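This is run-v4.txt. It holds compact mmCIF, C-alpha atoms and all ligand atoms.
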```txt
# COMPACT_ATOMS: atom_id res chain seq x y z
CA MET A 1 -21.44 -39.60 -12.97
CA VAL A 2 -20.32 -36.43 -14.78
CA LYS A 3 -20.42 -34.62 -11.46
CA THR A 4 -18.26 -37.29 -9.81
CA SER A 5 -15.63 -37.23 -12.53
CA LEU A 6 -15.55 -33.42 -12.37
CA CYS A 7 -15.01 -33.69 -8.64
CA ILE A 8 -12.26 -36.24 -9.10
CA SER A 9 -10.47 -34.19 -11.74
CA GLY A 10 -10.78 -31.18 -9.42
CA LEU A 11 -9.16 -33.18 -6.66
CA VAL A 12 -6.37 -34.43 -8.93
CA PHE A 13 -5.75 -30.88 -10.09
CA ALA A 14 -5.61 -29.66 -6.49
CA LEU A 15 -3.07 -32.33 -5.54
CA PHE A 16 -1.05 -31.69 -8.67
CA THR A 17 -0.84 -27.94 -8.09
CA ALA A 18 0.13 -28.51 -4.47
CA VAL A 19 3.07 -30.58 -5.61
CA ILE A 20 4.33 -28.51 -8.54
CA ALA A 21 4.39 -25.11 -6.88
CA HIS A 22 7.96 -23.80 -7.15
CA ALA A 23 9.55 -20.57 -6.14
CA GLY A 24 9.86 -18.23 -9.12
CA PRO A 25 12.95 -16.20 -10.06
CA THR A 26 12.27 -13.20 -7.81
CA ALA A 27 11.68 -15.34 -4.71
CA ASN A 28 14.70 -17.51 -5.50
CA ALA A 29 16.93 -14.48 -5.91
CA ALA A 30 15.61 -13.02 -2.64
CA ILE A 31 16.25 -16.30 -0.83
CA LYS A 32 19.78 -16.36 -2.24
CA LYS A 33 20.62 -12.77 -1.32
CA GLY A 34 18.77 -13.15 2.03
CA PHE A 35 16.54 -10.08 1.77
CA ILE A 36 13.83 -8.35 -0.25
CA GLN A 37 14.55 -5.05 -1.93
CA CYS A 38 11.58 -2.79 -1.44
CA GLY A 39 10.93 0.50 -3.25
CA VAL A 40 9.31 3.00 -0.89
CA ASN A 41 8.56 6.71 -0.55
CA THR A 42 11.41 9.12 0.15
CA GLY A 43 9.68 10.06 3.39
CA LEU A 44 5.92 10.13 3.79
CA ALA A 45 4.72 9.84 7.39
CA GLY A 46 2.45 6.84 7.92
CA PHE A 47 3.46 5.14 4.65
CA ALA A 48 7.26 4.98 4.63
CA GLN A 49 9.64 7.14 6.60
CA PRO A 50 12.76 6.40 8.64
CA ASP A 51 12.26 6.95 12.40
CA SER A 52 14.78 8.63 14.73
CA LYS A 53 16.85 5.41 14.74
CA GLY A 54 16.86 5.27 10.95
CA GLU A 55 14.38 2.37 10.84
CA TRP A 56 11.79 2.54 8.09
CA ARG A 57 8.21 2.68 9.36
CA GLY A 58 4.76 2.88 7.78
CA ILE A 59 2.03 0.78 6.21
CA ASP A 60 3.96 0.37 2.93
CA VAL A 61 7.00 -0.68 4.95
CA ASP A 62 4.81 -3.19 6.82
CA LEU A 63 3.75 -4.72 3.50
CA CYS A 64 7.39 -5.37 2.62
CA ARG A 65 8.05 -6.71 6.11
CA ALA A 66 5.05 -9.04 5.71
CA VAL A 67 6.46 -10.44 2.47
CA ALA A 68 9.87 -10.96 4.11
CA ALA A 69 8.20 -12.76 7.02
CA ALA A 70 6.26 -14.98 4.58
CA LEU A 71 9.18 -15.80 2.30
CA LEU A 72 12.22 -15.63 4.56
CA GLY A 73 10.60 -16.17 8.00
CA ASP A 74 12.00 -12.85 9.18
CA ALA A 75 10.31 -9.46 8.76
CA ARG A 76 13.65 -7.69 9.25
CA LYS A 77 15.10 -9.06 6.03
CA VAL A 78 14.15 -6.08 3.88
CA ARG A 79 16.26 -3.33 2.36
CA TYR A 80 14.66 -0.11 1.30
CA THR A 81 15.15 2.06 -1.77
CA PRO A 82 13.60 5.53 -1.39
CA LEU A 83 12.04 6.60 -4.69
CA THR A 84 10.42 9.78 -5.97
CA ALA A 85 7.23 9.49 -7.98
CA GLN A 86 9.20 9.80 -11.20
CA GLN A 87 11.82 7.20 -10.32
CA ARG A 88 9.52 4.51 -8.97
CA PHE A 89 8.37 2.59 -12.06
CA THR A 90 11.81 2.47 -13.70
CA ALA A 91 13.25 1.12 -10.45
CA LEU A 92 10.77 -1.75 -10.53
CA GLN A 93 11.09 -2.39 -14.28
CA SER A 94 14.89 -2.50 -14.14
CA GLY A 95 14.98 -4.97 -11.24
CA GLU A 96 16.50 -2.45 -8.82
CA VAL A 97 13.61 -3.31 -6.46
CA ASP A 98 11.56 -6.50 -6.06
CA ILE A 99 8.40 -4.75 -4.89
CA LEU A 100 7.14 -1.21 -5.22
CA ALA A 101 5.19 -0.31 -2.06
CA ARG A 102 4.92 3.44 -2.31
CA ASN A 103 1.48 5.08 -2.04
CA THR A 104 1.08 4.26 -5.72
CA THR A 105 -2.32 4.53 -7.34
CA TRP A 106 -3.51 1.56 -9.36
CA THR A 107 -4.56 2.80 -12.81
CA LEU A 108 -5.19 1.00 -16.08
CA THR A 109 -2.25 2.70 -17.84
CA ARG A 110 0.21 1.71 -15.13
CA ASP A 111 -1.12 -1.83 -14.89
CA THR A 112 -0.93 -2.48 -18.62
CA SER A 113 1.73 -0.36 -20.30
CA LEU A 114 4.49 -0.22 -17.70
CA GLY A 115 5.26 -3.95 -17.51
CA LEU A 116 4.00 -4.35 -13.99
CA ASN A 117 1.12 -5.81 -12.03
CA PHE A 118 -0.68 -4.34 -9.05
CA VAL A 119 -1.26 -7.03 -6.44
CA GLY A 120 -4.18 -5.48 -4.57
CA ILE A 121 -5.05 -2.40 -2.53
CA ASN A 122 -3.57 -1.52 0.86
CA PHE A 123 -5.12 1.94 1.17
CA TYR A 124 -8.11 3.63 -0.49
CA ASP A 125 -7.62 7.34 -0.91
CA GLY A 126 -8.61 10.30 -3.07
CA GLN A 127 -7.03 13.60 -4.11
CA GLY A 128 -7.57 16.82 -2.20
CA PHE A 129 -6.37 20.41 -1.82
CA MET A 130 -4.72 22.19 1.09
CA VAL A 131 -4.54 25.96 1.56
CA THR A 132 -3.43 28.25 4.34
CA LYS A 133 -6.25 29.26 6.63
CA LYS A 134 -5.54 32.95 6.23
CA ARG A 135 -6.58 32.79 2.57
CA ASN A 136 -10.09 32.13 3.79
CA VAL A 137 -10.91 29.67 1.01
CA LYS A 138 -13.79 27.31 1.81
CA SER A 139 -14.15 25.30 -1.38
CA ALA A 140 -12.14 24.19 -4.40
CA ALA A 141 -14.63 26.12 -6.51
CA GLN A 142 -12.82 29.29 -5.29
CA LEU A 143 -9.43 28.18 -6.62
CA GLY A 144 -9.71 29.70 -10.12
CA GLY A 145 -6.38 31.30 -11.13
CA ALA A 146 -4.47 29.78 -8.18
CA ALA A 147 -0.83 28.67 -8.28
CA VAL A 148 -0.94 24.96 -7.41
CA CYS A 149 2.05 22.98 -6.12
CA VAL A 150 2.18 19.43 -7.47
CA GLN A 151 4.72 16.62 -8.02
CA PRO A 152 5.33 15.30 -11.55
CA GLY A 153 4.82 11.68 -12.59
CA THR A 154 1.77 11.41 -10.38
CA THR A 155 -1.91 10.83 -10.94
CA THR A 156 -2.23 14.05 -8.93
CA GLU A 157 -0.83 16.10 -11.80
CA LEU A 158 -3.25 14.54 -14.30
CA ASN A 159 -6.35 14.84 -12.08
CA LEU A 160 -5.51 18.45 -11.34
CA ALA A 161 -5.63 19.33 -15.03
CA ASP A 162 -8.86 17.34 -15.53
CA TYR A 163 -10.54 18.95 -12.55
CA PHE A 164 -9.81 22.55 -13.50
CA ARG A 165 -10.74 21.91 -17.12
CA SER A 166 -14.03 20.28 -16.14
CA LYS A 167 -14.84 23.30 -13.95
CA ASN A 168 -13.72 25.71 -16.67
CA MET A 169 -11.22 27.31 -14.28
CA LYS A 170 -7.63 28.35 -14.92
CA PHE A 171 -4.68 27.49 -12.67
CA LYS A 172 -0.91 27.86 -12.64
CA PRO A 173 0.82 24.52 -12.04
CA VAL A 174 4.05 24.73 -10.00
CA VAL A 175 5.58 21.33 -10.77
CA ILE A 176 8.41 20.24 -8.46
CA GLU A 177 9.86 16.72 -8.31
CA LYS A 178 11.25 16.46 -4.78
CA LEU A 179 8.87 16.23 -1.84
CA GLU A 180 11.02 18.48 0.37
CA GLU A 181 11.08 21.15 -2.31
CA VAL A 182 7.41 21.01 -3.20
CA LEU A 183 6.46 21.27 0.49
CA ASN A 184 8.91 24.10 0.94
CA ALA A 185 7.36 25.93 -2.02
CA TYR A 186 3.91 25.59 -0.47
CA PHE A 187 4.93 26.46 3.08
CA THR A 188 6.84 29.56 1.94
CA GLY A 189 3.86 30.79 -0.10
CA ARG A 190 5.23 30.19 -3.59
CA CYS A 191 1.98 28.38 -4.31
CA ASP A 192 -1.52 29.17 -3.09
CA VAL A 193 -2.48 25.52 -2.93
CA TYR A 194 -0.83 22.12 -2.40
CA THR A 195 -2.56 19.16 -3.99
CA THR A 196 -1.96 15.46 -3.44
CA ASP A 197 -3.69 12.39 -1.98
CA VAL A 198 -5.69 13.37 1.12
CA SER A 199 -3.50 11.03 3.23
CA GLY A 200 -0.45 12.92 1.92
CA LEU A 201 -2.03 16.26 2.84
CA ILE A 202 -2.83 15.02 6.34
CA ALA A 203 0.68 13.56 6.74
CA ALA A 204 2.36 16.74 5.47
CA ARG A 205 0.24 18.96 7.69
CA ALA A 206 0.83 16.79 10.78
CA SER A 207 4.53 16.14 10.26
CA ARG A 208 5.92 19.11 8.31
CA ALA A 209 3.88 22.24 9.00
CA ALA A 210 5.32 24.70 11.56
CA ASN A 211 1.77 25.10 12.85
CA PRO A 212 -0.64 22.45 11.50
CA ALA A 213 -3.67 24.51 12.56
CA ASP A 214 -2.71 27.16 9.97
CA HIS A 215 -3.66 24.82 7.10
CA VAL A 216 -7.07 23.67 5.88
CA ILE A 217 -7.87 20.67 3.71
CA LEU A 218 -10.77 21.62 1.46
CA PRO A 219 -13.87 19.37 1.44
CA GLU A 220 -13.65 18.32 -2.24
CA VAL A 221 -12.11 14.92 -3.00
CA ILE A 222 -11.61 14.95 -6.76
CA SER A 223 -10.47 11.41 -7.61
CA LYS A 224 -10.18 7.77 -6.61
CA GLU A 225 -6.66 6.82 -5.49
CA PRO A 226 -6.48 3.15 -4.60
CA PHE A 227 -2.88 2.52 -3.47
CA GLY A 228 -1.35 -0.88 -3.97
CA PRO A 229 1.96 -2.67 -4.11
CA ALA A 230 3.21 -3.60 -7.57
CA VAL A 231 5.59 -6.23 -8.99
CA ARG A 232 7.16 -6.78 -12.42
CA HIS A 233 5.39 -8.67 -15.18
CA GLY A 234 6.68 -12.16 -15.84
CA ASP A 235 6.90 -13.77 -12.40
CA ASP A 236 3.48 -15.07 -11.42
CA HIS A 237 4.80 -16.82 -8.34
CA TRP A 238 6.09 -13.54 -6.91
CA LEU A 239 2.80 -11.86 -7.76
CA ASP A 240 1.01 -14.58 -5.75
CA VAL A 241 3.38 -14.30 -2.78
CA VAL A 242 2.99 -10.53 -2.47
CA LYS A 243 -0.76 -10.66 -3.15
CA TRP A 244 -1.46 -13.30 -0.51
CA SER A 245 0.85 -11.66 2.01
CA LEU A 246 -1.32 -8.55 1.72
CA PHE A 247 -4.52 -10.62 1.93
CA ALA A 248 -3.19 -12.45 5.00
CA THR A 249 -2.90 -9.18 6.90
CA ILE A 250 -6.51 -8.28 6.02
CA GLU A 251 -7.86 -11.79 6.69
CA ALA A 252 -6.11 -11.85 10.08
CA GLU A 253 -7.92 -8.69 11.12
CA GLU A 254 -11.21 -10.32 10.17
CA LEU A 255 -10.26 -13.44 12.15
CA GLN A 256 -9.21 -11.17 15.04
CA LEU A 257 -5.70 -12.59 14.98
CA THR A 258 -3.13 -10.09 16.20
CA SER A 259 0.61 -10.07 16.82
CA LYS A 260 -0.23 -10.43 20.53
CA ASN A 261 -2.70 -13.34 20.37
CA VAL A 262 -1.73 -15.37 17.28
CA GLU A 263 0.51 -17.73 19.23
CA GLN A 264 -2.32 -18.55 21.63
CA GLN A 265 -4.99 -18.61 18.91
CA ALA A 266 -2.92 -21.04 16.82
CA LYS A 267 -3.76 -23.68 19.43
CA THR A 268 -7.56 -23.36 19.06
CA ALA A 269 -9.61 -25.92 17.14
CA ASN A 270 -11.17 -23.39 14.71
CA PRO A 271 -10.43 -24.90 11.27
CA VAL A 272 -10.19 -21.50 9.56
CA ILE A 273 -7.50 -20.42 12.02
CA GLN A 274 -5.83 -23.82 11.82
CA ARG A 275 -5.48 -23.40 8.06
CA PHE A 276 -4.34 -19.80 8.42
CA VAL A 277 -1.52 -20.62 10.81
CA GLY A 278 -0.49 -23.66 8.77
CA ALA A 279 -1.39 -26.30 11.33
CA LYS A 280 -3.79 -27.87 8.77
CA GLY A 281 -3.91 -27.93 4.98
CA GLU A 282 -1.32 -27.02 2.40
CA VAL A 283 -1.81 -23.38 1.49
CA GLY A 284 1.82 -22.58 2.31
CA LYS A 285 3.01 -25.30 -0.02
CA MET A 286 0.71 -24.09 -2.80
CA LEU A 287 2.34 -20.67 -2.51
CA GLY A 288 5.82 -22.22 -2.48
CA LEU A 289 6.21 -20.98 1.11
CA ASP A 290 6.71 -22.43 4.56
CA SER A 291 3.47 -23.65 6.21
CA ARG A 292 3.88 -20.90 8.84
CA TRP A 293 4.05 -18.07 6.27
CA ALA A 294 0.88 -16.31 7.46
CA TYR A 295 1.59 -17.02 11.14
CA ASN A 296 5.00 -15.38 10.71
CA ILE A 297 3.43 -12.30 9.11
CA ILE A 298 0.96 -11.79 11.94
CA LYS A 299 3.38 -12.65 14.74
CA GLN A 300 6.08 -10.30 13.43
CA VAL A 301 4.19 -7.53 11.64
CA GLY A 302 0.58 -7.77 12.88
CA ASN A 303 -2.72 -7.59 11.02
CA TYR A 304 -3.85 -4.74 8.73
CA GLY A 305 -5.73 -2.94 11.51
CA GLU A 306 -2.68 -3.04 13.81
CA SER A 307 -0.57 -1.58 11.04
CA PHE A 308 -3.12 1.16 10.40
CA GLU A 309 -3.35 2.03 14.09
CA ARG A 310 0.41 2.05 14.51
CA HIS A 311 1.18 4.31 11.57
CA LEU A 312 -1.88 6.20 10.32
CA THR A 313 -4.16 6.72 13.32
CA PRO A 314 -1.53 8.87 15.15
CA LEU A 315 -1.51 11.27 12.18
CA GLY A 316 -5.24 11.81 12.59
CA LEU A 317 -6.32 9.54 9.72
CA ASP A 318 -9.65 7.86 10.17
CA ARG A 319 -10.17 4.22 9.08
CA GLY A 320 -13.05 5.47 6.86
CA ILE A 321 -13.45 3.29 3.76
CA ASN A 322 -10.32 1.39 4.79
CA LYS A 323 -12.38 -0.44 7.42
CA LEU A 324 -13.04 -4.13 6.84
CA TRP A 325 -15.91 -4.99 4.49
CA ASN A 326 -18.01 -6.35 7.38
CA ARG A 327 -17.62 -3.06 9.25
CA GLY A 328 -18.74 -0.82 6.41
CA GLY A 329 -15.42 -0.49 4.58
CA LEU A 330 -13.80 -1.86 1.43
CA MET A 331 -11.03 -4.06 2.87
CA TYR A 332 -11.76 -7.64 1.83
CA ALA A 333 -9.56 -10.68 1.42
CA PRO A 334 -10.61 -13.72 -0.63
CA PRO A 335 -10.71 -16.99 1.30
CA ILE A 336 -7.40 -18.46 2.37
CA ARG A 337 -8.16 -22.08 1.60
N1 LIG A 401 -0.88 8.31 -5.46
C1 LIG A 401 -0.33 9.19 -6.47
C2 LIG A 401 0.66 10.19 -5.88
C3 LIG A 401 1.83 9.53 -5.22
C4 LIG A 401 2.94 10.53 -4.80
O1 LIG A 401 4.06 10.39 -5.28
N2 LIG A 401 2.60 11.47 -3.92
C5 LIG A 401 3.58 12.42 -3.46
C6 LIG A 401 2.94 13.43 -2.57
S1 LIG A 401 2.28 12.75 -1.06
C7 LIG A 401 4.68 11.71 -2.72
O2 LIG A 401 4.50 10.65 -2.19
N3 LIG A 401 5.87 12.30 -2.68
C8 LIG A 401 6.97 11.78 -1.94
C9 LIG A 401 8.20 11.61 -2.74
O3 LIG A 401 8.36 12.19 -3.80
O4 LIG A 401 9.02 10.81 -2.29
C10 LIG A 401 0.35 8.38 -7.55
O5 LIG A 401 0.49 7.16 -7.40
O6 LIG A 401 0.73 8.95 -8.58
```

Now that the file is in, can you turn its structure into C-alpha cells?
Ligand SMILES: N[C@@H](CCC(=O)N[C@@H](CS)C(=O)NCC(=O)O)C(=O)O
Amino acid sequence: MVKTSLCISGLVFALFTAVIAHAGPTANAAIKKGFIQCGVNTGLAGFAQPDSKGEWRGIDVDLCRAVAAALLGDARKVRYTPLTAQQRFTALQSGEVDILARNTTWTLTRDTSLGLNFVGINFYDGQGFMVTKKRNVKSAAQLGGAAVCVQPGTTTELNLADYFRSKNMKFKPVVIEKLEEVLNAYFTGRCDVYTTDVSGLIAARASRAANPADHVILPEVISKEPFGPAVRHGDDHWLDVVKWSLFATIEAEELQLTSKNVEQQAKTANPVIQRFVGAKGEVGKMLGLDSRWAYNIIKQVGNYGESFERHLTPLGLDRGINKLWNRGGLMYAPPIR
C-alpha cells in the first residue's frame, strides 16, 4: 500500500515536472537574440582557436555548438568572446558571456566563491613542465632555481608554488598574462621552463614551436586539472541545459551514435536510442527543449569521441583517462531517461 502510493506520487511528480519545465532567463535571452555568447580561450589549439577561415574550432567550441544545437536547433548560432585566464570569470559573472568553455579547471574556490557553477567535465588533465631539450633536464626534481614562465589567474600559478615548496626547491616565477607573450618568453629563452596543463604544453609545442622536437615535456604531472564549462549562479534551467548537452555528447559515444549514423540509427527500435533522439519519451520537454535536442547535437556536432578525434588527436593527444568509463577512462554520463 505504502509502496503503491509512493509509486503514484512519483508518477504524479514526474508528470508535473514534465509540464512545468520553462526556459530560464539565460535561455530566453539567447532565444530572443538568436545566439549563445560563449567565452573561450584566446587561441589554444584543440580547445578553441580560429582556423584559417576565422571559424572557431576545438572541443570547448564544440561544447558551445552543442548547446546552440540543443537550444536553438542550429550549432552555428554561437558567438565567441576570447578571454585570458584573468578575464574569464568576470566575463561570466557580468553576463558578457552565457557560458565559459575555456580549459578551466573545476576547483572548490571557483565553484563556491565566484558565483558560478561548473556543469561537468569535458577534459581530464594535469599540470606539467616543458623545457628545451638542450638543457638536458630529465625530471622536475632538477628544476631547483629555474625561471618558470606561467600565466596569472590560473591554477597553474598556485600549483607551481605548492610543488616547489613541497620539494623544498626555489624557483623564479616569470608571470605573464597574455598567451602570445608567455610563449614568446619561453621560446626566446627568458624562462628555463614553461608550465601549464599538459594538453596546453602539447598544443603549444605542436602549434607554436619552430621545431617541436627541440622541446621535452617532463614526466611529472603535479596536479589534477579537470576542465569543465561553467555558468552563472541563479539560473538552474541553464545549468541543466548545458550539463545535459555535455552528457548527451558522452552518452552518444557510448551508444555509438555519430554525426554520420544518427539519422539512420534514429529509425531503429532500440528504446534507449529512441529516447535519446526524442522519438519516445519527454526528456526534451523536461529540459525545456525541443524533443530533437540531443539528435541535433549529434547530427550537427558529433559525439564526444568525434570531437576529441577532430581536435585533439591531430595534436598528438592520447585519449588516456578521457576514454569512456567502459573502456578504462573517466568519461561517464548519467542515464538520459
Ligand atoms: N586549467 C588552468 C589553466 C588555464 C589557462 O588559462 N591556461 C593557459 C595556458 S594553456 C591558457 O589557456 N592561456 C591562453 C590564454 O590566455 O588565452 C586554469 O583553469 O586555471

Review point. Which residues, written as an MDAnalysis selection string, have at least one atom at most 10 Å from Trp56 of chain A, with all atoms listed in the file counted and residues fewer than 3 positions away on the same chain left out?
Key: chainID A and resid 40 43 47:53 60:62 78:80

Check your understanding: Residues at most 7 Å from ligand LIG 401 (chain A), using all atoms listed in the file? Could they come as number ranges by chain?
Key -> A: 41-44, 83-85, 103-105, 151, 153-156, 177-179, 196-197, 200-201, 225, 227

Exercise for review: Please measure the separation of atom CA of Ala91 of chain A and atom CA of Gly39 of chain A, giving the value in Å to one decimal.
Suggested key: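 Pair atom CA of Ala91 of chain A / atom CA of Gly39 of chain A returns 7.6 Å.
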
Point to revise | Minimum-distance residue to Arg165 of chain A, chosen among A:Gly284, A:Gly115, A:Gly144, A:Gly234 (using only C-alpha atoms) | key: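 Distance minimum relative to Arg165 of chain A lands on A:Gly144.
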
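You can rank A:Gly24, A:Ala248, A:Lys32, A:Leu160 by their closest distance to Ser223 of chain A using only C-alpha atoms, and at the top of that list sits A:Leu160.
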
Study note, to complete from the structure: Shortest contact to His22 of chain A, candidates A:Glu253, A:Glu263, A:Arg337, A:Val241, atoms counted all atoms listed in the file, goes to A:Val241

Review point. Using all atoms listed in the file, which of A:Leu114, A:Cys38, A:Ile297, A:Ile321 sits nearest Arg102 of chain A?
Key: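 Under the stated criterion, the closest residue is A:Cys38.
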